[in-house]
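Participant: Structure incoming, see below.
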Amino acid sequence: MSHWDNISTEHLRGAGTPAEAAALFKAAVRMVEIEVFSYCNRLCWFCPNKDGSRIGSNTYMDVGLYESIVRRLADIRYDGMISYSRYNEPLADPVILDRIAFARQTLPEAKLHTNTNGDYLTPDLLARLRDAGLNTLNIQIYLKNFERYDHEKVRARGEQTLARLGAPARMVKDQPGVWLEWRIEYEGMTIRLYGRNFDVNGTSRGDTVDIAREFRRTAPCIIPAWAVYIDHDGSMVPCCNLRSDIPEHEDTVIARLSPAVDLFEAYAGARLASWRRALASFEEKQGVCRSCRFAQEPDTTATRAHSARLLADPVRPAP
């Protein structure tokens, strides 16, 4: 079953009542990405953080807001993924262990995941992450700040990480100049260790980094239907490639979650529904999505049928 199968015309026009909003969310959302604090220790050329704005002080998501989001997910017995990611380095602060443990206790059926650059990862922290309830971990191999991909340097860096963690691993992908990946064997968790060449498989991050800015997207994108992205201040945006706290993306904020702004109603509201409608077709995309190469839906008979089904509804969301 594809994500398209769980998207209805209501996703493109919005839901009326709180109960309808919750039902719309439950039907389609398979990943909620949450940034529990702001700090990142790196300056990567392929990321909006290259400006150094995340390398200073650390700003935490209000714990009450975080717990209210998780409890709201528990209201619908959410069993998809929670990813502790966005534009921070999730393992830079031990508070991540408390946040994972709370989600595990509150959402026993959810899959808990995080990405990391691996800089803070030790055998002890890995065990504590597992014990807190983390299911899957992606360790992404980066070189020095602003350094571009070099396959053999990535290999050496990966081997250093494996030696430090002391866990058995097997190589699963070795594509020179493009991708290098190991799977680490670790009881109770699924762990990937990989490096990727963002020049080849990256995107412009909403036109904020110099990757394929000349590219013009026509393929549909259905990410705003099946995934939700929440920054450390509660700002909710349509895509992982958008960072709410930079000027270029300020107008992409769907809502700022709070006790007065509900997660499900923000997801099912007219503003995000308008994004979904604009991205569901095979027409050229506009704005921050114009040069995006990320998660392109294939041009197949099935995809065109799904797109036509959704766009056939004449009802359009209010501005």
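A note on labels: chains of the structure tokens are A, B, ... as shown, every chain counts residues from 1, and ligands are counted from 1 in their shown order.
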Residues within 8 Å of range 223-234 of chain A, please, as an mmCIF file with N, CA and C atoms, in the first residue's frame. Count only C-alpha atoms; anything in the same chain fewer than 4 positions from it doesn't count.
Facilitator:
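Final output, result-v7.cif:
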data_model
loop_
_atom_site.group_PDB
_atom_site.id
_atom_site.type_symbol
_atom_site.label_atom_id
_atom_site.label_comp_id
_atom_site.auth_asym_id
_atom_site.auth_seq_id
_atom_site.Cartn_x
_atom_site.Cartn_y
_atom_site.Cartn_z
ATOM 1 N N HIS A 3 1.423 5.600 0.215
ATOM 2 C CA HIS A 3 0.855 6.711 0.976
ATOM 3 C C HIS A 3 -0.360 7.316 0.265
ATOM 4 N N ILE A 7 -4.743 9.006 1.342
ATOM 5 C CA ILE A 7 -5.051 10.427 1.174
ATOM 6 C C ILE A 7 -6.405 10.574 0.491
ATOM 7 N N HIS A 11 -8.177 15.830 2.464
ATOM 8 C CA HIS A 11 -6.828 16.322 2.730
ATOM 9 C C HIS A 11 -6.506 17.558 1.897
ATOM 10 N N ALA A 28 -3.780 9.139 7.603
ATOM 11 C CA ALA A 28 -2.678 9.301 6.659
ATOM 12 C C ALA A 28 -1.301 9.493 7.275
ATOM 13 N N VAL A 29 -1.189 10.066 8.461
ATOM 14 C CA VAL A 29 0.123 10.445 8.978
ATOM 15 C C VAL A 29 0.881 9.228 9.494
ATOM 16 N N ARG A 30 2.084 9.040 8.957
ATOM 17 C CA ARG A 30 2.939 7.927 9.374
ATOM 18 C C ARG A 30 4.245 8.395 9.997
ATOM 19 N N MET A 31 4.507 9.695 9.991
ATOM 20 C CA MET A 31 5.702 10.207 10.646
ATOM 21 C C MET A 31 5.444 11.594 11.220
ATOM 22 N N VAL A 32 5.853 11.783 12.467
ATOM 23 C CA VAL A 32 5.838 13.090 13.106
ATOM 24 C C VAL A 32 7.276 13.394 13.517
ATOM 25 N N GLU A 33 7.837 14.441 12.939
ATOM 26 C CA GLU A 33 9.221 14.804 13.236
ATOM 27 C C GLU A 33 9.224 15.977 14.205
ATOM 28 N N ILE A 34 9.929 15.825 15.319
ATOM 29 C CA ILE A 34 9.912 16.818 16.394
ATOM 30 C C ILE A 34 11.337 17.232 16.733
ATOM 31 N N GLU A 35 11.532 18.539 16.827
ATOM 32 C CA GLU A 35 12.828 19.098 17.208
ATOM 33 C C GLU A 35 12.737 19.532 18.671
ATOM 34 N N VAL A 36 13.355 18.791 19.574
ATOM 35 C CA VAL A 36 13.158 19.066 20.999
ATOM 36 C C VAL A 36 14.111 20.132 21.540
ATOM 37 N N PHE A 37 15.112 20.512 20.762
ATOM 38 C CA PHE A 37 15.932 21.683 21.091
ATOM 39 C C PHE A 37 16.608 22.148 19.801
ATOM 40 N N SER A 38 17.276 23.302 19.872
ATOM 41 C CA SER A 38 17.734 23.944 18.638
ATOM 42 C C SER A 38 19.177 23.659 18.256
ATOM 43 N N THR A 59 18.117 26.405 22.605
ATOM 44 C CA THR A 59 16.742 26.733 22.982
ATOM 45 C C THR A 59 15.925 25.456 22.966
ATOM 46 N N TYR A 60 15.276 25.164 24.085
ATOM 47 C CA TYR A 60 14.540 23.915 24.231
ATOM 48 C C TYR A 60 13.066 24.092 23.886
ATOM 49 N N MET A 61 12.472 23.062 23.304
ATOM 50 C CA MET A 61 11.026 23.034 23.197
ATOM 51 C C MET A 61 10.445 22.958 24.603
ATOM 52 N N ASP A 62 9.429 23.748 24.848
ATOM 53 C CA ASP A 62 8.772 23.713 26.150
ATOM 54 C C ASP A 62 8.296 22.292 26.444
ATOM 55 N N LEU A 65 4.653 21.656 26.045
ATOM 56 C CA LEU A 65 4.231 21.553 24.645
ATOM 57 C C LEU A 65 4.572 20.182 24.103
ATOM 58 N N ARG A 86 15.003 17.271 12.558
ATOM 59 C CA ARG A 86 14.897 18.633 12.078
ATOM 60 C C ARG A 86 16.295 19.226 11.906
ATOM 61 N N PRO A 238 5.396 22.358 6.334
ATOM 62 C CA PRO A 238 4.926 21.258 5.484
ATOM 63 C C PRO A 238 5.967 20.209 5.133
ATOM 64 N N CYS A 239 7.272 20.495 5.357
ATOM 65 C CA CYS A 239 8.296 19.621 4.791
ATOM 66 C C CYS A 239 9.568 19.690 5.614
ATOM 67 N N CYS A 240 10.361 18.620 5.576
ATOM 68 C CA CYS A 240 11.626 18.580 6.308
ATOM 69 C C CYS A 240 12.648 19.544 5.740
ATOM 70 N N ARG A 243 12.919 25.389 7.188
ATOM 71 C CA ARG A 243 13.338 25.720 8.547
ATOM 72 C C ARG A 243 12.631 26.996 8.951
ATOM 73 N N SER A 244 11.729 26.909 9.896
ATOM 74 C CA SER A 244 10.805 28.010 10.193
ATOM 75 C C SER A 244 11.479 29.261 10.717
ATOM 76 N N ARG A 256 1.682 27.694 14.817
ATOM 77 C CA ARG A 256 2.580 27.519 15.952
ATOM 78 C C ARG A 256 1.775 26.823 17.042
ATOM 79 N N LEU A 257 2.099 25.569 17.293
ATOM 80 C CA LEU A 257 1.322 24.766 18.221
ATOM 81 C C LEU A 257 1.472 25.296 19.645
ATOM 82 N N SER A 258 0.387 25.193 20.389
ATOM 83 C CA SER A 258 0.320 25.675 21.763
ATOM 84 C C SER A 258 -0.918 25.063 22.390
ATOM 85 N N TYR A 267 -3.083 20.425 11.199
ATOM 86 C CA TYR A 267 -2.838 19.493 10.094
ATOM 87 C C TYR A 267 -3.993 19.502 9.093
ATOM 88 N N LEU A 272 -2.682 24.147 5.257
ATOM 89 C CA LEU A 272 -1.917 22.977 4.816
ATOM 90 C C LEU A 272 -2.637 22.249 3.683
ATOM 91 N N TRP A 275 -1.476 23.723 0.490
ATOM 92 C CA TRP A 275 -0.171 23.195 0.087
ATOM 93 C C TRP A 275 -0.333 21.848 -0.611
ATOM 94 N N ARG A 276 -1.149 20.989 -0.038
ATOM 95 C CA ARG A 276 -1.326 19.654 -0.622
ATOM 96 C C ARG A 276 -1.909 19.744 -2.027
ATOM 97 N N ALA A 295 11.946 13.497 -2.697
ATOM 98 C CA ALA A 295 10.721 12.680 -2.648
ATOM 99 C C ALA A 295 9.802 12.921 -3.840
#
Participant: Using DSSP on the backbone, list every residue of range 115-266 of chain A that comes out as strand (DSSP E or B), and give them as a ChimeraX atom specification.
Facilitator: /A:115-116,136-140,169-175,179-186,189-196,227-230,235-237,255-256,258,261
Participant: Could you tell me how far CA of Phe282 in chain A lies from CA of Gln296 in chain A, in Å and to one decimal?
Facilitator: 10.5 Å
Participant: Report, in Å with one decimal, the straight-line distance from CA of Asn41 in chain A to CA of Val95 in chain A.
Facilitator: 16.0 Å
Participant: For Arg99 in chain A, find every residue with an atom within 9 Å (counting only C-alpha atoms), except residues of its own chain fewer than 6 positions away, and show them as a list of chain:residue names.
Facilitator: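 My reading of the contact set: A:Val36, A:Val63, A:Tyr66, A:Glu67, A:Ala132.
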Participant: With only C-alpha atoms as the counted atoms, please give the residues lying no more than 7 Å from range 167-182 of chain A, apart from itself and same-chain residues fewer than 4 positions off, as a list in words.
Facilitator: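 Listed by chain and then number, they are Asp150, His151, Leu162, Tyr186, Arg192, Leu193, Tyr194, Gly195, Arg196, Asn197 and Val200 of chain A.
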Participant: Give me, please, the distance in Å between CA of Asp207 in chain A and CA of Ile246 in chain A, quoted to one decimal.
Facilitator: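 If I compute the distance from CA of Asp207 in chain A to CA of Ile246 in chain A, I get 12.0 Å.
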Participant: Would you mind writing down, as a VMD selection string, each residue of range 206-313 of chain A that DSSP on the backbone assigns to alpha helix (DSSP H)?
Facilitator: chain A and resid 223 to 226 263 to 268 270 to 279 301 to 311
Participant: Rank nothing, just name the residue among A:Tyr120, A:Tyr149, A:Ser8, A:Ser2 nearest to Arg309 in chain A, using only C-alpha atoms.
Facilitator: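 Of A:Tyr120, A:Tyr149, A:Ser8, A:Ser2, the one nearest Arg309 in chain A, counting only C-alpha atoms, is A:Ser8.
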Participant: From the list A:Val261, A:Ala219, A:Ala270, A:Ala156, which residue is nearest Lys285 in chain A when using only C-alpha atoms?
Facilitator: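 Among A:Val261, A:Ala219, A:Ala270, A:Ala156, it is A:Ala219 that comes nearest to Lys285 in chain A.
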Participant: What's the 12 Å shell around Glu265 in chain A, counting only C-alpha atoms, without same-chain residues fewer than 6 positions away, as a PyMOL selection string?
Facilitator: chain A and resi 11+14-25+72+236+254-258+271-273
Participant: Which residue gives the smallest distance to Glu10 in chain A among A:Ile96, A:Ala27, A:Met189, A:Ile76, with only C-alpha atoms counted?
Facilitator: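 Among the listed residues, the smallest separation from Glu10 in chain A belongs to A:Ala27.
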